[in-house]
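**Q** Next comes protein_26.cif, mmCIF, C-alpha atoms:
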```
data_upload
loop_
_atom_site.label_atom_id
_atom_site.label_comp_id
_atom_site.auth_asym_id
_atom_site.auth_seq_id
_atom_site.Cartn_x
_atom_site.Cartn_y
_atom_site.Cartn_z
CA MET A 10 0.00 0.00 0.00
CA ASN A 11 3.00 2.29 0.39
CA GLU A 12 3.78 2.73 -3.26
CA ILE A 13 2.00 5.62 -4.91
CA GLN A 14 2.31 5.33 -8.68
CA SER A 15 2.73 8.38 -10.86
CA SER A 16 0.51 8.58 -13.93
CA SER A 17 3.16 7.38 -16.41
CA PRO A 18 4.98 4.45 -14.83
CA GLN A 19 6.49 3.29 -18.17
CA SER A 20 7.97 -0.09 -17.38
CA ARG A 21 11.31 -0.59 -19.15
CA GLY A 22 14.45 -2.57 -18.53
CA PRO A 23 16.52 -2.17 -15.36
CA ALA A 24 19.07 0.14 -17.02
CA ASP A 25 16.31 2.43 -18.26
CA HIS A 26 14.88 2.36 -14.78
CA SER A 27 18.08 3.64 -13.34
CA VAL A 28 18.25 6.46 -15.91
CA ARG A 29 14.67 7.32 -15.01
CA ASP A 30 15.61 7.45 -11.33
CA GLN A 31 18.62 9.57 -12.18
CA ILE A 32 16.45 12.08 -14.04
CA VAL A 33 13.93 12.19 -11.21
CA GLU A 34 16.69 12.68 -8.65
CA ALA A 35 18.42 15.45 -10.61
CA ALA A 36 15.14 17.13 -11.53
CA GLY A 37 14.13 17.10 -7.85
CA GLU A 38 17.36 18.89 -6.96
CA HIS A 39 16.91 21.37 -9.80
CA PHE A 40 13.25 22.12 -9.04
CA SER A 41 13.97 22.62 -5.36
CA HIS A 42 16.52 25.31 -6.27
CA TYR A 43 14.80 27.04 -9.16
CA GLY A 44 11.16 26.18 -8.66
CA TYR A 45 8.96 23.83 -10.65
CA GLU A 46 6.85 26.47 -12.35
CA LYS A 47 9.79 28.41 -13.75
CA THR A 48 11.84 25.48 -15.04
CA THR A 49 11.49 24.13 -18.59
CA VAL A 50 12.58 20.70 -19.83
CA SER A 51 15.39 22.52 -21.72
CA ASP A 52 16.68 24.07 -18.48
CA LEU A 53 16.51 20.68 -16.88
CA ALA A 54 18.33 18.95 -19.75
CA LYS A 55 21.11 21.54 -19.58
CA ALA A 56 21.42 21.20 -15.82
CA ILE A 57 21.47 17.40 -15.86
CA GLY A 58 23.73 17.19 -18.88
CA PHE A 59 21.33 15.06 -20.94
CA SER A 60 19.81 16.08 -24.25
CA LYS A 61 16.19 17.17 -24.21
CA ALA A 62 15.38 14.34 -26.65
CA TYR A 63 16.92 11.82 -24.27
CA ILE A 64 14.79 13.07 -21.36
CA TYR A 65 11.70 12.82 -23.58
CA LYS A 66 12.52 9.13 -24.12
CA PHE A 67 11.67 8.61 -20.46
CA PHE A 68 9.10 11.29 -19.66
CA ASP A 69 6.40 12.73 -21.88
CA SER A 70 6.55 16.16 -20.30
CA LYS A 71 7.79 18.25 -17.42
CA GLN A 72 4.60 17.34 -15.62
CA ALA A 73 5.44 13.63 -15.89
CA ILE A 74 8.76 14.30 -14.15
CA GLY A 75 7.01 16.47 -11.57
CA GLU A 76 4.48 13.71 -10.98
CA ALA A 77 7.23 11.14 -10.45
CA ILE A 78 8.91 13.39 -7.87
CA CYS A 79 5.60 14.13 -6.22
CA ALA A 80 4.64 10.43 -6.11
CA GLN A 81 8.00 9.54 -4.55
CA CYS A 82 7.63 12.23 -1.90
CA LEU A 83 4.02 11.33 -1.05
CA SER A 84 5.02 7.65 -0.82
CA LYS A 85 7.51 8.56 1.87
CA ILE A 86 4.87 10.52 3.80
CA ILE A 87 2.43 7.62 3.58
CA ALA A 88 5.13 5.14 4.65
CA ALA A 89 5.89 7.24 7.73
CA ALA A 90 2.17 7.46 8.57
CA ASP A 91 1.64 3.71 8.06
CA GLU A 92 4.56 2.97 10.34
CA ALA A 93 3.31 5.33 13.06
CA VAL A 94 -0.19 3.85 12.93
CA ALA A 95 1.16 0.30 13.05
CA GLY A 96 3.21 1.20 16.12
CA ALA A 97 0.24 2.57 18.07
CA ILE A 98 -1.96 0.30 20.21
CA THR A 99 -5.42 1.86 20.54
CA PRO A 100 -7.52 3.43 17.76
CA THR A 101 -7.36 6.73 19.70
CA GLU A 102 -3.58 6.64 19.66
CA LYS A 103 -3.53 5.51 16.04
CA PHE A 104 -5.56 8.53 15.01
CA ARG A 105 -3.36 10.93 16.96
CA GLN A 106 -0.23 9.42 15.41
CA LEU A 107 -1.70 9.45 11.91
CA PHE A 108 -2.49 13.16 12.05
CA LYS A 109 0.74 14.11 13.81
CA VAL A 110 3.08 12.12 11.58
CA LEU A 111 1.36 13.10 8.32
CA VAL A 112 1.81 16.77 9.17
CA ALA A 113 5.33 16.49 10.58
CA THR A 114 6.57 14.42 7.63
CA SER A 115 4.88 16.70 5.09
CA VAL A 116 6.44 19.77 6.64
CA ASN A 117 9.80 18.10 6.73
CA LEU A 118 9.86 16.56 3.26
CA VAL A 119 7.92 19.14 1.33
CA PHE A 120 8.89 22.38 3.04
CA ASN A 121 12.11 21.98 5.00
CA ASP A 122 14.24 19.35 3.42
CA ARG A 123 13.86 19.49 -0.33
CA LYS A 124 11.58 22.48 -0.74
CA LEU A 125 9.25 20.56 -2.99
CA HIS A 126 6.18 22.55 -1.99
CA ASP A 127 6.15 24.12 -5.41
CA ILE A 128 5.64 20.74 -7.10
CA ALA A 129 3.42 19.29 -4.38
CA ALA A 130 1.19 22.37 -4.27
CA HIS A 131 1.00 22.39 -8.06
CA GLY A 132 0.09 18.71 -8.05
CA ALA A 133 -2.55 19.24 -5.38
CA GLY A 134 -4.01 22.19 -7.30
CA GLU A 135 -4.12 20.19 -10.51
CA LYS A 136 -5.32 17.04 -8.70
CA TRP A 137 -2.50 14.84 -10.06
CA PRO A 138 -3.12 11.08 -9.81
CA SER A 139 -0.42 10.70 -7.14
CA VAL A 140 -2.07 13.38 -5.01
CA ARG A 141 -5.48 11.77 -5.42
CA ALA A 142 -4.03 8.35 -4.52
CA TYR A 143 -2.41 9.92 -1.45
CA ALA A 144 -5.72 11.46 -0.33
CA GLU A 145 -7.48 8.15 -0.95
CA HIS A 146 -4.89 6.27 1.10
CA ILE A 147 -5.39 8.65 4.05
CA ARG A 148 -9.14 8.05 3.92
CA GLN A 149 -8.50 4.29 3.90
CA ILE A 150 -6.31 4.44 7.00
CA LEU A 151 -8.89 6.67 8.68
CA THR A 152 -11.70 4.26 7.81
CA GLU A 153 -9.76 1.36 9.31
CA ILE A 154 -9.02 3.29 12.52
CA VAL A 155 -12.63 4.40 12.98
CA ARG A 156 -13.96 0.91 12.22
CA GLU A 157 -11.56 -0.63 14.73
CA GLY A 158 -12.53 1.93 17.37
CA ARG A 159 -16.20 1.19 16.79
CA GLU A 160 -15.65 -2.54 17.09
CA SER A 161 -13.72 -2.18 20.34
CA GLY A 162 -16.37 0.19 21.75
CA GLU A 163 -13.88 3.06 21.97
CA PHE A 164 -15.80 5.17 19.42
CA GLU A 165 -19.51 5.89 18.95
CA ARG A 166 -21.47 3.88 16.37
CA LYS A 167 -24.56 5.99 15.72
CA THR A 168 -23.16 8.13 12.90
CA PRO A 169 -22.80 6.40 9.52
CA LEU A 170 -19.16 5.33 9.08
CA ASP A 171 -18.59 7.20 5.82
CA GLU A 172 -20.07 10.40 7.27
CA THR A 173 -17.65 10.21 10.20
CA VAL A 174 -14.66 9.49 7.97
CA LEU A 175 -15.45 12.22 5.43
CA ALA A 176 -15.86 14.82 8.17
CA ILE A 177 -12.57 13.88 9.87
CA ASP A 178 -10.89 13.94 6.48
CA LEU A 179 -12.17 17.50 5.97
CA VAL A 180 -10.73 18.51 9.35
CA MET A 181 -7.31 17.13 8.36
CA GLN A 182 -7.24 18.46 4.79
CA PRO A 183 -5.80 21.93 5.55
CA TYR A 184 -2.75 20.24 7.08
CA VAL A 185 -2.21 17.21 4.86
CA ASN A 186 -3.02 18.72 1.47
CA PRO A 187 0.25 20.34 0.30
CA LEU A 188 -1.60 23.16 -1.47
CA LEU A 189 -3.32 24.18 1.77
CA LEU A 190 -0.48 23.27 4.14
CA GLN A 191 1.69 26.07 2.80
CA TYR A 192 -0.79 28.59 4.25
CA ASN A 193 -1.03 26.83 7.59
CA LEU A 194 2.64 26.40 8.41
CA ASP A 195 2.38 28.75 11.39
CA LEU A 196 -0.26 26.42 12.88
CA VAL A 197 1.46 23.05 12.42
CA GLU A 198 2.79 23.00 15.97
CA GLU A 199 -0.54 23.31 17.72
CA ALA A 200 -3.31 22.50 15.24
CA PRO A 201 -2.92 18.71 14.83
CA ALA A 202 -3.08 18.06 18.60
CA ARG A 203 -5.91 20.54 19.15
CA LEU A 204 -7.93 19.18 16.25
CA SER A 205 -7.20 15.57 17.23
CA ASN A 206 -8.70 16.29 20.64
CA LEU A 207 -11.81 17.78 19.05
CA VAL A 208 -12.17 14.85 16.63
CA LEU A 209 -11.72 12.34 19.48
CA ARG A 210 -14.38 14.15 21.52
CA SER A 211 -16.69 13.81 18.49
CA LEU A 212 -15.92 10.07 18.39
CA ALA A 213 -16.70 9.46 22.06
CA PRO A 214 -19.47 6.87 22.52
CA MET B 191 -19.97 45.05 17.26
CA ASN B 192 -20.71 45.04 13.54
CA GLU B 193 -18.32 47.78 12.54
CA ILE B 194 -14.82 46.59 11.69
CA GLN B 195 -12.46 49.55 11.56
CA SER B 196 -9.68 49.71 9.02
CA SER B 197 -6.27 50.71 10.35
CA SER B 198 -6.47 54.35 9.26
CA PRO B 199 -9.93 55.60 10.16
CA GLN B 200 -8.93 59.31 9.81
CA SER B 201 -11.89 61.21 11.18
CA ARG B 202 -12.56 64.34 9.14
CA GLY B 203 -15.60 66.44 8.30
CA PRO B 204 -18.71 64.96 6.66
CA ALA B 205 -17.73 66.21 3.17
CA ASP B 206 -14.32 64.57 3.46
CA HIS B 207 -16.07 61.45 4.61
CA SER B 208 -18.13 61.34 1.48
CA VAL B 209 -15.03 61.79 -0.70
CA ARG B 210 -13.39 58.96 1.23
CA ASP B 211 -16.42 56.76 0.59
CA GLN B 212 -16.36 57.74 -3.06
CA ILE B 213 -12.71 56.71 -3.37
CA VAL B 214 -13.36 53.42 -1.58
CA GLU B 215 -16.36 52.71 -3.81
CA ALA B 216 -14.52 53.51 -7.05
CA ALA B 217 -11.37 51.69 -5.95
CA GLY B 218 -13.46 48.63 -5.11
CA GLU B 219 -14.89 48.64 -8.62
CA HIS B 220 -11.47 49.14 -10.16
CA PHE B 221 -9.76 46.44 -8.09
CA SER B 222 -12.49 43.94 -8.82
CA HIS B 223 -11.86 44.44 -12.55
CA TYR B 224 -8.10 44.75 -12.67
CA GLY B 225 -6.99 43.09 -9.45
CA TYR B 226 -5.59 44.63 -6.32
CA GLU B 227 -2.02 43.45 -6.78
CA LYS B 228 -1.62 44.86 -10.27
CA THR B 229 -3.18 48.27 -9.67
CA THR B 230 -1.14 51.29 -8.59
CA VAL B 231 -2.47 54.48 -6.97
CA SER B 232 -1.71 56.23 -10.28
CA ASP B 233 -3.92 53.77 -12.19
CA LEU B 234 -6.60 54.31 -9.62
CA ALA B 235 -6.34 58.11 -9.77
CA LYS B 236 -6.66 58.01 -13.55
CA ALA B 237 -9.64 55.67 -13.41
CA ILE B 238 -11.49 57.68 -10.76
CA GLY B 239 -10.62 61.03 -12.29
CA PHE B 240 -8.94 62.40 -9.15
CA SER B 241 -5.33 63.49 -8.91
CA LYS B 242 -2.95 61.15 -7.15
CA ALA B 243 -2.16 63.93 -4.63
CA TYR B 244 -5.87 64.29 -3.84
CA ILE B 245 -6.20 60.56 -3.15
CA TYR B 246 -3.16 60.75 -0.88
CA LYS B 247 -4.99 63.42 1.15
CA PHE B 248 -7.39 60.70 2.24
CA PHE B 249 -5.32 57.52 2.16
CA ASP B 250 -1.66 57.03 2.97
CA SER B 251 -1.20 54.21 0.49
CA LYS B 252 -2.88 51.72 -1.77
CA GLN B 253 -2.93 49.37 1.18
CA ALA B 254 -4.96 51.88 3.22
CA ILE B 255 -7.59 51.90 0.45
CA GLY B 256 -7.46 48.12 0.24
CA GLU B 257 -7.90 47.90 3.98
CA ALA B 258 -10.94 50.18 3.89
CA ILE B 259 -12.56 48.03 1.19
CA CYS B 260 -11.65 44.88 3.06
CA ALA B 261 -13.02 46.26 6.36
CA GLN B 262 -16.30 47.24 4.67
CA CYS B 263 -16.67 43.80 3.11
CA LEU B 264 -15.85 41.92 6.32
CA SER B 265 -18.31 44.13 8.24
CA LYS B 266 -21.06 42.98 5.91
CA ILE B 267 -20.12 39.32 6.44
CA ILE B 268 -20.10 39.79 10.22
CA ALA B 269 -23.44 41.63 10.11
CA ALA B 270 -25.00 38.74 8.19
CA ALA B 271 -23.57 36.23 10.67
CA ASP B 272 -24.74 38.26 13.69
CA GLU B 273 -28.23 38.44 12.23
CA ALA B 274 -28.35 34.71 11.53
CA VAL B 275 -27.16 33.86 15.04
CA ALA B 276 -29.68 36.26 16.60
CA GLY B 277 -32.47 34.62 14.63
CA ALA B 278 -31.64 31.10 15.81
CA ILE B 279 -33.11 29.71 19.04
CA THR B 280 -30.78 26.99 20.39
CA PRO B 281 -26.98 27.11 20.67
CA THR B 282 -26.84 24.14 18.28
CA GLU B 283 -28.82 26.02 15.69
CA LYS B 284 -26.84 29.21 16.34
CA PHE B 285 -23.60 27.40 15.60
CA ARG B 286 -24.95 25.84 12.41
CA GLN B 287 -26.21 29.22 11.22
CA LEU B 288 -22.95 30.98 12.12
CA PHE B 289 -20.86 28.58 10.04
CA LYS B 290 -23.31 28.40 7.15
CA VAL B 291 -23.91 32.14 6.84
CA LEU B 292 -20.23 33.10 7.25
CA VAL B 293 -19.30 30.84 4.37
CA ALA B 294 -22.25 31.68 2.14
CA THR B 295 -21.81 35.43 2.62
CA SER B 296 -18.04 35.23 2.12
CA VAL B 297 -18.45 33.30 -1.10
CA ASN B 298 -21.07 35.72 -2.28
CA LEU B 299 -19.39 39.00 -1.36
CA VAL B 300 -15.79 38.09 -1.87
CA PHE B 301 -15.93 35.69 -4.81
CA ASN B 302 -19.16 36.04 -6.74
CA ASP B 303 -20.43 39.56 -6.44
CA ARG B 304 -17.50 41.94 -6.38
CA LYS B 305 -14.56 39.61 -6.91
CA LEU B 306 -12.71 41.07 -3.97
CA HIS B 307 -10.87 37.84 -3.19
CA ASP B 308 -7.69 39.44 -4.39
CA ILE B 309 -7.86 42.12 -1.67
CA ALA B 310 -9.32 39.87 1.00
CA ALA B 311 -6.76 37.12 0.40
CA HIS B 312 -3.98 39.71 0.39
CA GLY B 313 -5.29 41.16 3.64
CA ALA B 314 -5.55 37.72 5.21
CA GLY B 315 -2.04 36.85 4.09
CA GLU B 316 -0.67 40.11 5.49
CA LYS B 317 -2.84 39.88 8.61
CA TRP B 318 -4.41 43.31 8.14
CA PRO B 319 -6.08 44.78 11.26
CA SER B 320 -9.54 44.41 9.70
CA VAL B 321 -8.91 40.72 9.04
CA ARG B 322 -7.64 40.18 12.57
CA ALA B 323 -10.67 42.02 13.98
CA TYR B 324 -12.92 39.83 11.84
CA ALA B 325 -11.26 36.64 13.13
CA GLU B 326 -11.51 37.93 16.69
CA HIS B 327 -15.20 38.70 16.25
CA ILE B 328 -15.89 35.17 15.03
CA ARG B 329 -14.13 33.74 18.09
CA GLN B 330 -16.27 36.01 20.29
CA ILE B 331 -19.53 34.80 18.75
CA LEU B 332 -18.30 31.22 19.04
CA THR B 333 -17.40 31.71 22.70
CA GLU B 334 -20.87 33.08 23.43
CA ILE B 335 -22.58 30.19 21.66
CA VAL B 336 -20.49 27.53 23.43
CA ARG B 337 -20.96 29.23 26.81
CA GLU B 338 -24.72 29.41 26.30
CA GLY B 339 -24.83 25.75 25.26
CA ARG B 340 -22.89 24.77 28.38
CA GLU B 341 -25.20 26.75 30.61
CA SER B 342 -28.31 25.20 29.10
CA GLY B 343 -26.81 21.70 29.35
CA GLU B 344 -26.86 21.26 25.58
CA PHE B 345 -23.03 21.05 25.35
CA GLU B 346 -20.43 19.22 27.45
CA ARG B 347 -18.57 21.16 30.16
CA LYS B 348 -15.48 19.01 30.84
CA THR B 349 -13.19 20.59 28.21
CA PRO B 350 -11.83 24.05 29.08
CA LEU B 351 -13.91 26.66 27.25
CA ASP B 352 -10.99 28.28 25.42
CA GLU B 353 -9.71 24.90 24.24
CA THR B 354 -13.12 24.08 22.78
CA VAL B 355 -13.45 27.48 21.11
CA LEU B 356 -9.93 27.48 19.64
CA ALA B 357 -10.40 24.00 18.19
CA ILE B 358 -13.75 24.87 16.58
CA ASP B 359 -12.20 28.05 15.25
CA LEU B 360 -9.46 25.96 13.61
CA VAL B 361 -12.11 23.75 12.00
CA MET B 362 -13.84 26.82 10.54
CA GLN B 363 -10.71 28.70 9.41
CA PRO B 364 -10.31 27.07 5.97
CA TYR B 365 -13.80 28.31 5.07
CA VAL B 366 -13.97 31.70 6.76
CA ASN B 367 -10.42 32.93 6.14
CA PRO B 368 -10.50 34.50 2.65
CA LEU B 369 -6.92 33.39 1.89
CA LEU B 370 -7.84 29.75 2.49
CA LEU B 371 -11.42 29.92 1.23
CA GLN B 372 -10.24 30.47 -2.34
CA TYR B 373 -8.76 26.94 -2.33
CA ASN B 374 -11.85 25.38 -0.78
CA LEU B 375 -14.53 26.80 -3.05
CA ASP B 376 -15.37 23.36 -4.43
CA LEU B 377 -16.20 22.23 -0.88
CA VAL B 378 -18.39 25.12 0.28
CA GLU B 379 -21.61 23.29 -0.50
CA GLU B 380 -20.96 20.27 1.68
CA ALA B 381 -18.18 21.10 4.13
CA PRO B 382 -19.92 23.54 6.52
CA ALA B 383 -22.81 21.14 7.22
CA ARG B 384 -20.54 18.10 7.46
CA LEU B 385 -18.11 19.87 9.78
CA SER B 386 -20.91 21.39 11.84
CA ASN B 387 -22.20 17.89 12.50
CA LEU B 388 -18.74 16.73 13.60
CA VAL B 389 -18.28 19.79 15.85
CA LEU B 390 -21.73 19.29 17.39
CA ARG B 391 -20.92 15.62 18.07
CA SER B 392 -17.75 16.82 19.83
CA LEU B 393 -19.87 19.20 21.93
CA ALA B 394 -22.36 16.55 23.04
CA PRO B 395 -22.50 16.21 26.84
#
```
When written as structure tokens, how does the structure in this file appear?

**A**
Amino acid sequence: MNEIQSSSPQSRGPADHSVRDQIVEAAGEHFSHYGYEKTTVSDLAKAIGFSKAYIYKFFDSKQAIGEAICAQCLSKIIAAADEAVAGAITPTEKFRQLFKVLVATSVNLVFNDRKLHDIAAHGAGEKWPSVRAYAEHIRQILTEIVREGRESGEFERKTPLDETVLAIDLVMQPYVNPLLLQYNLDLVEEAPARLSNLVLRSLAP
Amino acid sequence: MNEIQSSSPQSRGPADHSVRDQIVEAAGEHFSHYGYEKTTVSDLAKAIGFSKAYIYKFFDSKQAIGEAICAQCLSKIIAAADEAVAGAITPTEKFRQLFKVLVATSVNLVFNDRKLHDIAAHGAGEKWPSVRAYAEHIRQILTEIVREGRESGEFERKTPLDETVLAIDLVMQPYVNPLLLQYNLDLVEEAPARLSNLVLRSLAP
């Protein structure tokens, strides 16, 4: 479940795969310095030292490269969240960890470390497949946590499951959607805990 | 409580006041056509038919005009919310109305009618006094509603009041803060009701 595919996976031989990875790696570096929006495939080709035609052998467009970077980054966020949830015992603790780790990892990977917010925000705005898969994965984890909490009697059961999940998902969106997160960075310290408490009060039986 | 002051109220005689209003009105029209960011005071002076120096008699800067427009717009949103809350009987209904009317009026005034999102989003991003006063006013109404619901036994009383209010405020932010609202316009039909239900579940005694 950890692997989020970009829209053009293009399966080729192992050597091609490594060139692909090389392009993605170099493009990630380049974008994080010069910005995704402002960079063209020509700029990228020059910077990497490949011809433009060679890059086009592997990626149809700049967006395809951006999507591959975005998918890789979101996969890491999801992996961190999955691990945190797996390490927690109760559904209450699983939910807290999910929210906390999603936000902390997003801030770290997208804003602090590689400055990929440009690509991630663009992808979120354009609803790229990797971003949609990421959102869908979060809803799946949420559904499992709420279902488990209902079964163990930790959470209330009157509200339809999908209504509960969709509402919690809406509460988390401003902090887990990269497009919105960039405007909420001054709240990332306090908001996840405060909102987790509110959500858990709403889940009380 | 309905009047949100801009940062440079500048009290002058009644004639001056009417010129001020005239500038604000014309600037609002101009900004909504050409955008706040792209317009200079010179453009504005030309469009209104006043000299730049004359405009500067009333406003220190473009931002001061923007703030006056923003304050006027936010006052209207607050007035609509106050009226809706006053017309509702129970704290539950007051909260639903508050959220619903804040969002509906914001969408209408800021995005549909006069296309002032440019100014409002700029003001929210820069934390203009009018935007801070608006946010503070919403927290005040919220506090009153929660307090009333606690007194009547409709809402739980275990959680500290300010913790409850701050968390609900965080839930509402993405839809009542003009900077964030612009990215959530596709959710304005369903999100306020869905989130109101979640908040009200969290308030259950």

**Q** From the set A:Leu151, A:Leu207, A:Thr49, A:Phe68, which residue has the shortest atom-to-atom contact distance to B:Val355, counting only C-alpha atoms?

**A** A:Leu207

**Q** Record the distance separating atom CA of A:Gln106 and atom CA of B:Leu385, expressed in Å with one decimal.

**A**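 Between these atoms lies a distance of 21.5 Å.
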
**Q** Report as a PyMOL selection string all protein, DNA and RNA residues lying within 10 Å of A:Ala202, evaluated on all atoms listed in the file, omitting residues in the same chain fewer than 2 positions from it.

**A** (chain A and resi 105-106+108-109+197-200+204-208) or (chain B and resi 357)

**Q** Measure the distance from atom CA of B:Pro368 to atom CA of A:Val180 in Å and round it to one decimal.

**A**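 Atom CA of A:Val180 lies 17.3 Å from atom CA of B:Pro368.
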
**Q** Identify which of the residues B:Ala311, B:Pro319, B:Ile331, B:Ser232 lies closest to chain A, counting only C-alpha atoms when measuring atom-to-atom distances.

**A**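 Smallest distance to chain A is found for B:Ala311.
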
**Q** Would you mind listing what lies within 10 Å of B:His220 as JSON, numbers by chain, with all atoms listed in the file counted and same-chain residues fewer than 4 positions away left out?

**A** {"B": [214, 215, 216, 224, 225, 226, 229, 233, 234, 237, 238]}

**Q** Rounded to one decimal, what separation in Å do you get between atom CA of B:Gly343 and atom CA of B:Ala325?

**A**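 Those two atoms sit 27.0 Å apart.
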
**Q** Would you list which chain A residues are within 12 Å of chain B using all atoms listed in the file, as a ChimeraX atom specification?

**A** /A:130,133-135,164-169,171-184,186-193,195-197,199-214

**Q** Expand the PyMOL selection byres ((chain B and resi 263-276) around 9) into the individual residues it matches in the shown file, reporting them as a PyMOL selection string.

**A** chain B and resi 191-195+258-262+277-279+281+283-293+295-296+299-300+306+310+320-321+324+327-328+331+335

**Q** Hey, which of B:Asn302, B:Ile213, B:His312, B:Ser342 ends up closest to B:Ser241? Count all atoms listed in the file.

**A** B:Ile213

**Q** Which neighbours of B:Glu227 fall inside 9 Å, counting only C-alpha atoms, when residues of the same chain fewer than 6 positions from it are skipped, and could you give them as a count of residues only?

**A** 4

**Q** With distances taken over only C-alpha atoms, which of A:Gln72, A:Gln31, A:Ser41, A:Thr101 is nearest to A:Glu163?

**A**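 Answer, going by the shortest atom-to-atom distance: A:Thr101.
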